[in-house]
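A.B. asks: One file: model-v3.csv (CSV, N, CA and C atoms).
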```csv
chain,number,residue,atom,x,y,z
A,1,MET,N,-8.1,15.2,38.7
A,1,MET,CA,-8.3,13.8,39.1
A,1,MET,C,-9.6,13.7,39.9
A,2,ILE,N,-10.3,12.7,39.8
A,2,ILE,CA,-11.6,12.5,40.5
A,2,ILE,C,-11.3,11.9,41.9
A,3,SER,N,-11.8,12.5,42.9
A,3,SER,CA,-11.5,12.0,44.3
A,3,SER,C,-12.6,11.1,44.8
A,4,VAL,N,-13.9,11.2,44.4
A,4,VAL,CA,-15.0,10.4,44.9
A,4,VAL,C,-15.8,10.0,43.7
A,5,LEU,N,-16.1,8.7,43.7
A,5,LEU,CA,-17.0,8.1,42.6
A,5,LEU,C,-18.2,7.4,43.3
A,6,LYS,N,-19.4,7.9,43.2
A,6,LYS,CA,-20.5,7.4,43.8
A,6,LYS,C,-21.3,6.5,42.8
A,7,ILE,N,-21.7,5.3,43.3
A,7,ILE,CA,-22.4,4.4,42.4
A,7,ILE,C,-23.7,4.0,43.2
A,8,ASP,N,-24.9,4.3,42.6
A,8,ASP,CA,-26.1,3.9,43.2
A,8,ASP,C,-26.5,2.6,42.5
A,9,ILE,N,-27.0,1.6,43.2
A,9,ILE,CA,-27.3,0.3,42.7
A,9,ILE,C,-28.8,0.0,42.7
A,10,LYS,N,-29.3,-0.6,41.6
A,10,LYS,CA,-30.7,-1.0,41.5
A,10,LYS,C,-30.7,-2.5,41.1
A,11,PRO,N,-31.8,-3.2,41.1
A,11,PRO,CA,-31.9,-4.6,40.7
A,11,PRO,C,-31.5,-4.7,39.2
A,12,SER,N,-30.7,-5.8,38.9
A,12,SER,CA,-30.2,-6.0,37.6
A,12,SER,C,-31.1,-6.9,36.8
A,13,LYS,N,-31.4,-6.5,35.5
A,13,LYS,CA,-32.2,-7.4,34.7
A,13,LYS,C,-31.4,-8.5,34.1
A,14,ILE,N,-30.1,-8.3,33.9
A,14,ILE,CA,-29.2,-9.3,33.4
A,14,ILE,C,-29.1,-10.5,34.4
A,15,TYR,N,-28.9,-10.1,35.7
A,15,TYR,CA,-28.9,-11.2,36.7
A,15,TYR,C,-30.2,-11.9,36.8
A,16,LEU,N,-31.3,-11.2,36.7
A,16,LEU,CA,-32.6,-11.8,36.7
A,16,LEU,C,-32.8,-12.8,35.5
A,17,THR,N,-32.3,-12.4,34.4
A,17,THR,CA,-32.4,-13.3,33.2
A,17,THR,C,-31.5,-14.5,33.4
A,18,ILE,N,-30.4,-14.4,33.9
A,18,ILE,CA,-29.5,-15.5,34.2
A,18,ILE,C,-30.2,-16.5,35.2
A,19,PHE,N,-30.8,-15.9,36.2
A,19,PHE,CA,-31.4,-16.7,37.2
A,19,PHE,C,-32.6,-17.5,36.7
A,20,ILE,N,-33.5,-16.8,35.9
A,20,ILE,CA,-34.6,-17.4,35.3
A,20,ILE,C,-34.2,-18.5,34.3
A,21,SER,N,-33.2,-18.3,33.6
A,21,SER,CA,-32.7,-19.4,32.7
A,21,SER,C,-32.2,-20.6,33.5
A,22,PHE,N,-31.5,-20.4,34.6
A,22,PHE,CA,-31.1,-21.5,35.5
A,22,PHE,C,-32.3,-22.2,36.1
A,23,TYR,N,-33.4,-21.4,36.5
A,23,TYR,CA,-34.6,-22.0,37.0
A,23,TYR,C,-35.3,-22.8,36.0
A,24,LEU,N,-35.4,-22.4,34.8
A,24,LEU,CA,-36.1,-23.1,33.7
A,24,LEU,C,-35.3,-24.4,33.4
A,25,PHE,N,-34.0,-24.3,33.4
A,25,PHE,CA,-33.2,-25.5,33.2
A,25,PHE,C,-33.4,-26.6,34.3
A,26,ASN,N,-33.5,-26.1,35.5
A,26,ASN,CA,-33.8,-27.1,36.6
A,26,ASN,C,-35.2,-27.7,36.5
A,27,ILE,N,-36.2,-26.9,36.1
A,27,ILE,CA,-37.5,-27.5,35.9
A,27,ILE,C,-37.5,-28.5,34.7
A,28,PHE,N,-36.7,-28.2,33.7
A,28,PHE,CA,-36.6,-29.1,32.6
A,28,PHE,C,-36.0,-30.4,33.0
A,29,VAL,N,-34.9,-30.3,33.8
A,29,VAL,CA,-34.2,-31.5,34.3
A,29,VAL,C,-35.2,-32.3,35.2
A,30,ALA,N,-36.0,-31.6,36.0
A,30,ALA,CA,-36.9,-32.4,36.9
A,30,ALA,C,-37.9,-33.1,36.1
A,31,TRP,N,-38.4,-32.6,35.0
A,31,TRP,CA,-39.4,-33.3,34.2
A,31,TRP,C,-38.8,-34.2,33.2
A,32,HIS,N,-37.6,-34.0,32.8
A,32,HIS,CA,-37.0,-34.9,31.7
A,32,HIS,C,-36.4,-36.1,32.3
A,33,TYR,N,-35.7,-36.0,33.5
A,33,TYR,CA,-35.0,-37.1,34.0
A,33,TYR,C,-35.7,-37.9,35.1
A,34,PHE,N,-36.7,-37.4,35.7
A,34,PHE,CA,-37.5,-38.1,36.6
A,34,PHE,C,-38.8,-38.7,35.9
A,35,TYR,N,-38.9,-40.0,35.9
A,35,TYR,CA,-40.0,-40.6,35.1
A,35,TYR,C,-41.2,-40.8,36.0
A,36,ASN,N,-41.2,-40.3,37.2
A,36,ASN,CA,-42.3,-40.4,38.1
A,36,ASN,C,-43.0,-39.1,38.1
A,37,PHE,N,-44.3,-39.1,37.8
A,37,PHE,CA,-45.1,-37.8,37.8
A,37,PHE,C,-45.1,-37.1,39.1
A,38,LEU,N,-45.3,-37.9,40.2
A,38,LEU,CA,-45.4,-37.3,41.5
A,38,LEU,C,-44.1,-36.7,42.0
A,39,LEU,N,-43.0,-37.4,41.7
A,39,LEU,CA,-41.7,-36.9,42.1
A,39,LEU,C,-41.4,-35.6,41.3
A,40,SER,N,-41.7,-35.6,40.0
A,40,SER,CA,-41.4,-34.4,39.2
A,40,SER,C,-42.2,-33.2,39.7
A,41,THR,N,-43.5,-33.5,40.0
A,41,THR,CA,-44.3,-32.4,40.5
A,41,THR,C,-43.8,-31.8,41.8
A,42,ILE,N,-43.4,-32.7,42.8
A,42,ILE,CA,-42.9,-32.3,44.1
A,42,ILE,C,-41.7,-31.5,43.9
A,43,ILE,N,-40.7,-32.0,43.1
A,43,ILE,CA,-39.5,-31.2,42.9
A,43,ILE,C,-39.7,-29.9,42.2
A,44,SER,N,-40.6,-29.9,41.2
A,44,SER,CA,-40.9,-28.6,40.6
A,44,SER,C,-41.5,-27.6,41.5
A,45,ILE,N,-42.4,-28.0,42.4
A,45,ILE,CA,-43.0,-27.1,43.4
A,45,ILE,C,-41.9,-26.6,44.4
A,46,ILE,N,-41.0,-27.5,44.8
A,46,ILE,CA,-40.0,-27.0,45.7
A,46,ILE,C,-39.0,-26.0,45.1
A,47,ILE,N,-38.7,-26.3,43.8
A,47,ILE,CA,-37.8,-25.4,43.1
A,47,ILE,C,-38.5,-24.1,42.9
A,48,SER,N,-39.8,-24.1,42.6
A,48,SER,CA,-40.5,-22.8,42.4
A,48,SER,C,-40.6,-22.0,43.6
A,49,ILE,N,-40.9,-22.6,44.7
A,49,ILE,CA,-40.9,-21.9,46.0
A,49,ILE,C,-39.6,-21.3,46.4
A,50,LEU,N,-38.5,-22.1,46.2
A,50,LEU,CA,-37.2,-21.6,46.5
A,50,LEU,C,-36.8,-20.4,45.5
A,51,ALA,N,-37.2,-20.6,44.3
A,51,ALA,CA,-36.9,-19.5,43.3
A,51,ALA,C,-37.6,-18.2,43.6
A,52,TYR,N,-38.9,-18.4,44.1
A,52,TYR,CA,-39.7,-17.2,44.4
A,52,TYR,C,-39.0,-16.4,45.5
A,53,PHE,N,-38.6,-17.1,46.6
A,53,PHE,CA,-38.0,-16.4,47.7
A,53,PHE,C,-36.7,-15.9,47.4
A,54,PHE,N,-35.9,-16.5,46.5
A,54,PHE,CA,-34.6,-16.0,46.1
A,54,PHE,C,-34.8,-14.8,45.3
A,55,ILE,N,-35.7,-14.8,44.4
A,55,ILE,CA,-35.9,-13.6,43.5
A,55,ILE,C,-36.4,-12.4,44.4
A,56,VAL,N,-37.3,-12.6,45.3
A,56,VAL,CA,-37.8,-11.5,46.1
A,56,VAL,C,-36.7,-10.9,47.0
A,57,LYS,N,-35.9,-11.8,47.6
A,57,LYS,CA,-35.0,-11.3,48.6
A,57,LYS,C,-33.7,-10.8,47.9
A,58,ASN,N,-33.1,-11.7,47.0
A,58,ASN,CA,-31.7,-11.4,46.5
A,58,ASN,C,-31.7,-10.6,45.3
A,59,ILE,N,-32.5,-10.9,44.3
A,59,ILE,CA,-32.4,-10.2,43.0
A,59,ILE,C,-33.1,-8.9,43.1
A,60,ALA,N,-34.2,-8.8,43.9
A,60,ALA,CA,-34.9,-7.5,44.0
A,60,ALA,C,-34.2,-6.6,45.0
A,61,LEU,N,-33.1,-7.0,45.6
A,61,LEU,CA,-32.3,-6.3,46.6
A,61,LEU,C,-33.1,-5.8,47.8
A,62,THR,N,-34.0,-6.6,48.4
A,62,THR,CA,-34.8,-6.3,49.5
A,62,THR,C,-34.2,-6.8,50.8
A,63,LEU,N,-33.1,-7.5,50.8
A,63,LEU,CA,-32.4,-8.0,52.0
A,63,LEU,C,-31.8,-6.8,52.7
A,64,GLU,N,-31.7,-7.0,54.0
A,64,GLU,CA,-31.0,-6.0,54.9
A,64,GLU,C,-29.6,-5.8,54.4
A,65,ASN,N,-28.9,-6.9,54.0
A,65,ASN,CA,-27.5,-6.8,53.6
A,65,ASN,C,-27.2,-6.4,52.2
A,66,SER,N,-28.3,-6.1,51.4
A,66,SER,CA,-28.1,-5.7,50.0
A,66,SER,C,-27.5,-4.3,50.0
A,67,ILE,N,-26.6,-4.2,49.0
A,67,ILE,CA,-25.9,-2.9,48.9
A,67,ILE,C,-26.7,-2.0,48.0
A,68,LYS,N,-26.9,-0.7,48.5
A,68,LYS,CA,-27.6,0.2,47.7
A,68,LYS,C,-26.8,1.4,47.2
A,69,ASN,N,-25.6,1.6,47.8
A,69,ASN,CA,-24.7,2.7,47.3
A,69,ASN,C,-23.3,2.3,47.6
A,70,ILE,N,-22.4,2.7,46.7
A,70,ILE,CA,-21.0,2.5,46.8
A,70,ILE,C,-20.3,3.8,46.5
A,71,SER,N,-19.4,4.2,47.4
A,71,SER,CA,-18.6,5.4,47.2
A,71,SER,C,-17.2,5.0,47.2
A,72,LEU,N,-16.6,5.2,46.0
A,72,LEU,CA,-15.1,4.8,45.8
A,72,LEU,C,-14.3,6.1,46.0
A,73,HIS,N,-13.4,6.1,46.9
A,73,HIS,CA,-12.5,7.2,47.1
A,73,HIS,C,-11.1,6.7,46.7
A,74,GLN,N,-10.1,7.6,46.7
A,74,GLN,CA,-8.8,7.3,46.3
A,74,GLN,C,-8.2,6.2,47.2
A,75,ASP,N,-8.4,6.2,48.5
A,75,ASP,CA,-7.7,5.2,49.4
A,75,ASP,C,-8.6,4.3,50.1
A,76,TYR,N,-9.9,4.5,49.9
A,76,TYR,CA,-10.9,3.6,50.7
A,76,TYR,C,-12.2,3.6,49.9
A,77,ILE,N,-13.1,2.7,50.4
A,77,ILE,CA,-14.4,2.5,49.8
A,77,ILE,C,-15.4,2.5,50.9
A,78,ILE,N,-16.6,3.2,50.6
A,78,ILE,CA,-17.7,3.2,51.6
A,78,ILE,C,-18.9,2.5,51.0
A,79,ILE,N,-19.5,1.6,51.7
A,79,ILE,CA,-20.6,0.8,51.3
A,79,ILE,C,-21.8,1.1,52.2
A,80,THR,N,-22.9,1.5,51.6
A,80,THR,CA,-24.2,1.7,52.3
A,80,THR,C,-25.1,0.6,51.9
A,81,LYS,N,-25.7,0.0,53.0
A,81,LYS,CA,-26.6,-1.1,52.7
A,81,LYS,C,-28.1,-0.7,53.0
A,82,ASN,N,-29.0,-1.6,52.7
A,82,ASN,CA,-30.4,-1.3,52.8
A,82,ASN,C,-30.8,-0.9,54.3
A,83,ASN,N,-30.2,-1.5,55.2
A,83,ASN,CA,-30.5,-1.2,56.6
A,83,ASN,C,-29.8,0.1,57.1
A,84,ASN,N,-29.3,0.9,56.1
A,84,ASN,CA,-28.6,2.2,56.4
A,84,ASN,C,-27.3,2.1,57.2
A,85,SER,N,-26.8,0.9,57.2
A,85,SER,CA,-25.4,0.7,57.8
A,85,SER,C,-24.4,1.1,56.8
A,86,ILE,N,-23.4,1.8,57.3
A,86,ILE,CA,-22.3,2.3,56.5
A,86,ILE,C,-21.0,1.7,56.9
A,87,LYS,N,-20.3,1.1,56.0
A,87,LYS,CA,-19.0,0.5,56.4
A,87,LYS,C,-17.9,1.1,55.5
A,88,LYS,N,-16.8,1.4,56.1
A,88,LYS,CA,-15.6,1.9,55.4
A,88,LYS,C,-14.6,0.8,55.3
A,89,TYR,N,-14.0,0.6,54.1
A,89,TYR,CA,-13.0,-0.4,53.9
A,89,TYR,C,-11.8,0.3,53.4
A,90,ASP,N,-10.6,0.0,53.9
A,90,ASP,CA,-9.4,0.6,53.5
A,90,ASP,C,-8.8,0.0,52.2
A,91,ALA,N,-9.0,-1.3,52.1
A,91,ALA,CA,-8.4,-1.9,50.9
A,91,ALA,C,-9.5,-2.5,50.0
A,92,PHE,N,-9.3,-2.3,48.7
A,92,PHE,CA,-10.2,-2.9,47.7
A,92,PHE,C,-9.4,-3.0,46.4
A,93,GLU,N,-9.8,-3.9,45.6
A,93,GLU,CA,-9.1,-4.1,44.3
A,93,GLU,C,-10.1,-4.5,43.2
A,94,LEU,N,-9.8,-4.1,42.0
A,94,LEU,CA,-10.6,-4.5,40.9
A,94,LEU,C,-10.2,-5.9,40.5
A,95,VAL,N,-11.1,-6.8,40.4
A,95,VAL,CA,-10.8,-8.2,40.1
A,95,VAL,C,-11.1,-8.4,38.6
A,96,TYR,N,-12.2,-7.9,38.1
A,96,TYR,CA,-12.6,-8.2,36.7
A,96,TYR,C,-13.3,-7.0,36.2
A,97,LEU,N,-13.0,-6.6,35.0
A,97,LEU,CA,-13.7,-5.5,34.2
A,97,LEU,C,-14.1,-6.0,32.9
A,98,SER,N,-15.3,-5.7,32.5
A,98,SER,CA,-15.7,-6.0,31.1
A,98,SER,C,-16.8,-5.0,30.7
A,99,GLN,N,-17.3,-5.1,29.5
A,99,GLN,CA,-18.3,-4.2,29.1
A,99,GLN,C,-19.7,-4.4,29.7
A,100,PHE,N,-19.9,-5.6,30.4
A,100,PHE,CA,-21.1,-5.9,31.0
A,100,PHE,C,-21.1,-5.9,32.6
A,101,LEU,N,-20.0,-6.1,33.2
A,101,LEU,CA,-19.9,-6.2,34.6
A,101,LEU,C,-18.6,-5.8,35.2
A,102,LEU,N,-18.6,-5.5,36.5
A,102,LEU,CA,-17.4,-5.0,37.2
A,102,LEU,C,-17.4,-5.8,38.5
A,103,ILE,N,-16.3,-6.4,38.9
A,103,ILE,CA,-16.2,-7.2,40.1
A,103,ILE,C,-15.1,-6.5,41.0
A,104,ILE,N,-15.5,-6.1,42.2
A,104,ILE,CA,-14.6,-5.5,43.2
A,104,ILE,C,-14.4,-6.4,44.3
A,105,LYS,N,-13.2,-6.6,44.8
A,105,LYS,CA,-12.9,-7.4,45.9
A,105,LYS,C,-12.6,-6.5,47.1
A,106,ILE,N,-13.4,-6.8,48.2
A,106,ILE,CA,-13.2,-6.1,49.5
A,106,ILE,C,-12.9,-7.1,50.5
A,107,ASN,N,-11.7,-7.1,51.1
A,107,ASN,CA,-11.3,-8.2,52.0
A,107,ASN,C,-11.5,-9.5,51.3
A,108,LYS,N,-12.4,-10.3,51.8
A,108,LYS,CA,-12.6,-11.6,51.2
A,108,LYS,C,-14.0,-11.7,50.5
A,109,LYS,N,-14.6,-10.6,50.4
A,109,LYS,CA,-15.9,-10.5,49.7
A,109,LYS,C,-15.8,-9.9,48.3
A,110,TYR,N,-16.7,-10.4,47.5
A,110,TYR,CA,-16.7,-9.9,46.1
A,110,TYR,C,-18.0,-9.2,45.8
A,111,ILE,N,-18.0,-8.0,45.2
A,111,ILE,CA,-19.2,-7.3,44.8
A,111,ILE,C,-19.2,-7.3,43.3
A,112,VAL,N,-20.3,-7.8,42.8
A,112,VAL,CA,-20.5,-7.9,41.3
A,112,VAL,C,-21.5,-6.8,40.9
A,113,ILE,N,-21.1,-5.9,40.0
A,113,ILE,CA,-22.0,-4.8,39.6
A,113,ILE,C,-22.2,-5.0,38.1
A,114,PHE,N,-23.5,-5.3,37.7
A,114,PHE,CA,-23.8,-5.5,36.3
A,114,PHE,C,-24.1,-4.1,35.7
A,115,LYS,N,-23.9,-4.1,34.4
A,115,LYS,CA,-24.1,-2.8,33.7
A,115,LYS,C,-25.4,-2.1,33.9
A,116,ASP,N,-26.5,-2.9,33.9
A,116,ASP,CA,-27.8,-2.3,34.0
A,116,ASP,C,-28.3,-2.1,35.4
A,117,SER,N,-27.4,-2.4,36.4
A,117,SER,CA,-27.8,-2.1,37.8
A,117,SER,C,-27.3,-0.8,38.3
A,118,ILE,N,-26.6,0.0,37.5
A,118,ILE,CA,-26.1,1.3,37.9
A,118,ILE,C,-27.1,2.4,37.5
A,119,ILE,N,-27.4,3.2,38.5
A,119,ILE,CA,-28.4,4.2,38.3
A,119,ILE,C,-27.9,5.5,37.7
A,120,ASN,N,-26.9,6.1,38.3
A,120,ASN,CA,-26.5,7.4,38.1
A,120,ASN,C,-25.4,7.7,37.0
A,121,THR,N,-24.8,6.6,36.5
A,121,THR,CA,-23.7,6.8,35.5
A,121,THR,C,-23.6,5.5,34.7
A,122,SER,N,-22.7,5.5,33.7
A,122,SER,CA,-22.5,4.3,32.9
A,122,SER,C,-21.4,3.5,33.4
A,123,LEU,N,-21.3,2.3,33.1
A,123,LEU,CA,-20.3,1.4,33.5
A,123,LEU,C,-18.9,1.8,33.0
A,124,SER,N,-18.9,2.3,31.7
A,124,SER,CA,-17.6,2.7,31.1
A,124,SER,C,-17.1,3.9,31.8
A,125,ALA,N,-17.9,4.8,32.2
A,125,ALA,CA,-17.4,6.0,33.0
A,125,ALA,C,-16.9,5.6,34.3
A,126,ILE,N,-17.5,4.6,35.0
A,126,ILE,CA,-17.0,4.1,36.3
A,126,ILE,C,-15.7,3.4,36.1
A,127,ILE,N,-15.5,2.6,35.1
A,127,ILE,CA,-14.2,1.9,34.8
A,127,ILE,C,-13.1,3.0,34.5
A,128,ARG,N,-13.5,3.9,33.7
A,128,ARG,CA,-12.5,5.0,33.3
A,128,ARG,C,-12.0,5.7,34.6
A,129,ASN,N,-13.0,6.1,35.4
A,129,ASN,CA,-12.6,6.8,36.7
A,129,ASN,C,-11.9,6.0,37.7
A,130,LEU,N,-12.3,4.7,37.7
A,130,LEU,CA,-11.5,3.8,38.6
A,130,LEU,C,-10.1,3.6,38.2
A,131,ASN,N,-9.9,3.5,36.9
A,131,ASN,CA,-8.5,3.3,36.4
A,131,ASN,C,-7.7,4.6,36.7
A,132,ILE,N,-8.3,5.8,36.6
A,132,ILE,CA,-7.6,7.0,37.0
A,132,ILE,C,-7.3,7.0,38.4
A,133,MET,N,-8.3,6.6,39.3
A,133,MET,CA,-8.2,6.7,40.7
A,133,MET,C,-7.1,5.7,41.2
A,134,LEU,N,-7.1,4.5,40.7
A,134,LEU,CA,-6.2,3.4,41.2
A,134,LEU,C,-4.8,3.5,40.6
A,135,TYR,N,-4.8,3.8,39.3
A,135,TYR,CA,-3.5,3.7,38.6
A,135,TYR,C,-2.9,5.0,38.1
A,136,GLY,N,-3.7,6.1,38.3
A,136,GLY,CA,-3.2,7.4,37.8
A,136,GLY,C,-3.4,7.6,36.3
A,137,ASN,N,-3.3,8.8,35.9
A,137,ASN,CA,-3.4,9.0,34.4
A,137,ASN,C,-2.1,8.8,33.7
A,138,LYS,N,-2.0,7.6,33.0
A,138,LYS,CA,-0.8,7.2,32.3
A,138,LYS,C,-1.0,7.4,30.8
A,139,ASN,N,-0.8,8.6,30.4
A,139,ASN,CA,-0.9,8.9,29.0
A,139,ASN,C,0.4,8.9,28.3
```
Please, can you express the file's structure as structure tokens?
C.D. replies:
Amino acid sequence: MISVLKIDIKPSKIYLTIFISFYLFNIFVAWHYFYNFLLSTIISIIISILAYFFIVKNIALTLENSIKNISLHQDYIIITKNNNSIKKYDAFELVYLSQFLLIIKINKKYIVIFKDSIINTSLSAIIRNLNIMLYGNKN
């Protein structure tokens, strides 16, 4: 049985694609539904500035609170952030599993891990090992 599962996190291209699609939709709405050129231009500039800062900070994982490493143990989870703070949580649960993402709930916070944001292993290997760690080997 596996006792420790380490997950290194990098920026996700799937999340970036979802965000850019949402950004382009907002720009479309600004130009399609506002019939005033000046209003559409101002709203587009504001949306672009906000999107730039969101991409740089949140999607590129440059925030101090961005998670860079997760260590899953049998009874607890350890999270390492960009500011090198390490927190240990005693309770965690798997909320959602799919072939593209994994959602882990820690206290009242949710951690979403996309398939392409994992550096050192595959998402299917993580899910398989998590099932063994949490539920035991039920063959």
A.B. asks: In Å to one decimal, how far is atom CA of Phe92 of chain A from atom CA of Ile104 of chain A?
C.D. replies: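 That distance, rounded to one decimal, is 6.8 Å.
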A.B. asks: Hey, can you pull every residue with an atom no more than 10 Å from (-18.9, 8.2, 50.9), using only C-alpha atoms, and send it as a ChimeraX atom specification?
C.D. replies: /A:4-7,69-73,76-80,86-88
A.B. asks: What is the distance, in Å and to one decimal place, between atom N of Ile47 of chain A and atom CA of Ser66 of chain A?
C.D. replies: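 Between atom N of Ile47 of chain A and atom CA of Ser66 of chain A the gap works out to 24.0 Å.
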A.B. asks: With distances taken over all atoms listed in the file, which of A:Val56, A:Met133, A:Leu38, A:Lys13 is nearest to Gln74 of chain A?
C.D. replies: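 The closest residue to Gln74 of chain A is A:Met133.
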A.B. asks: Considering only C-alpha atoms, can you say which of A:Asn58, A:Gly136, A:Ser44, A:Tyr89 comes closest to Ser12 of chain A?
C.D. replies: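 Closest candidate: A:Asn58.
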A.B. asks: Write down as a PyMOL selection string the residues of segment 56-97 of chain A whose backbone DSSP state falls under helix (DSSP H, G or I).
C.D. replies: chain A and resi 56-59
A.B. asks: Pull the neighbourhood of (-16.4, 0.1, 35.9) for me: all residues within 5 Å in file coordinates, counting all atoms listed in the file, as a VMD selection string.
C.D. replies: chain A and resid 123 126 to 127
A.B. asks: Those residues you just picked out, can you put them in a file as a compact mmCIF listing (two decimals), keeping the file's coordinate frame with N, CA and C atoms?
C.D. replies:
```txt
# COMPACT_ATOMS: atom_id res chain seq x y z
N LEU A 123 -21.30 2.30 33.10
CA LEU A 123 -20.30 1.40 33.50
C LEU A 123 -18.90 1.80 33.00
N ILE A 126 -17.50 4.60 35.00
CA ILE A 126 -17.00 4.10 36.30
C ILE A 126 -15.70 3.40 36.10
N ILE A 127 -15.50 2.60 35.10
CA ILE A 127 -14.20 1.90 34.80
C ILE A 127 -13.10 3.00 34.50
```
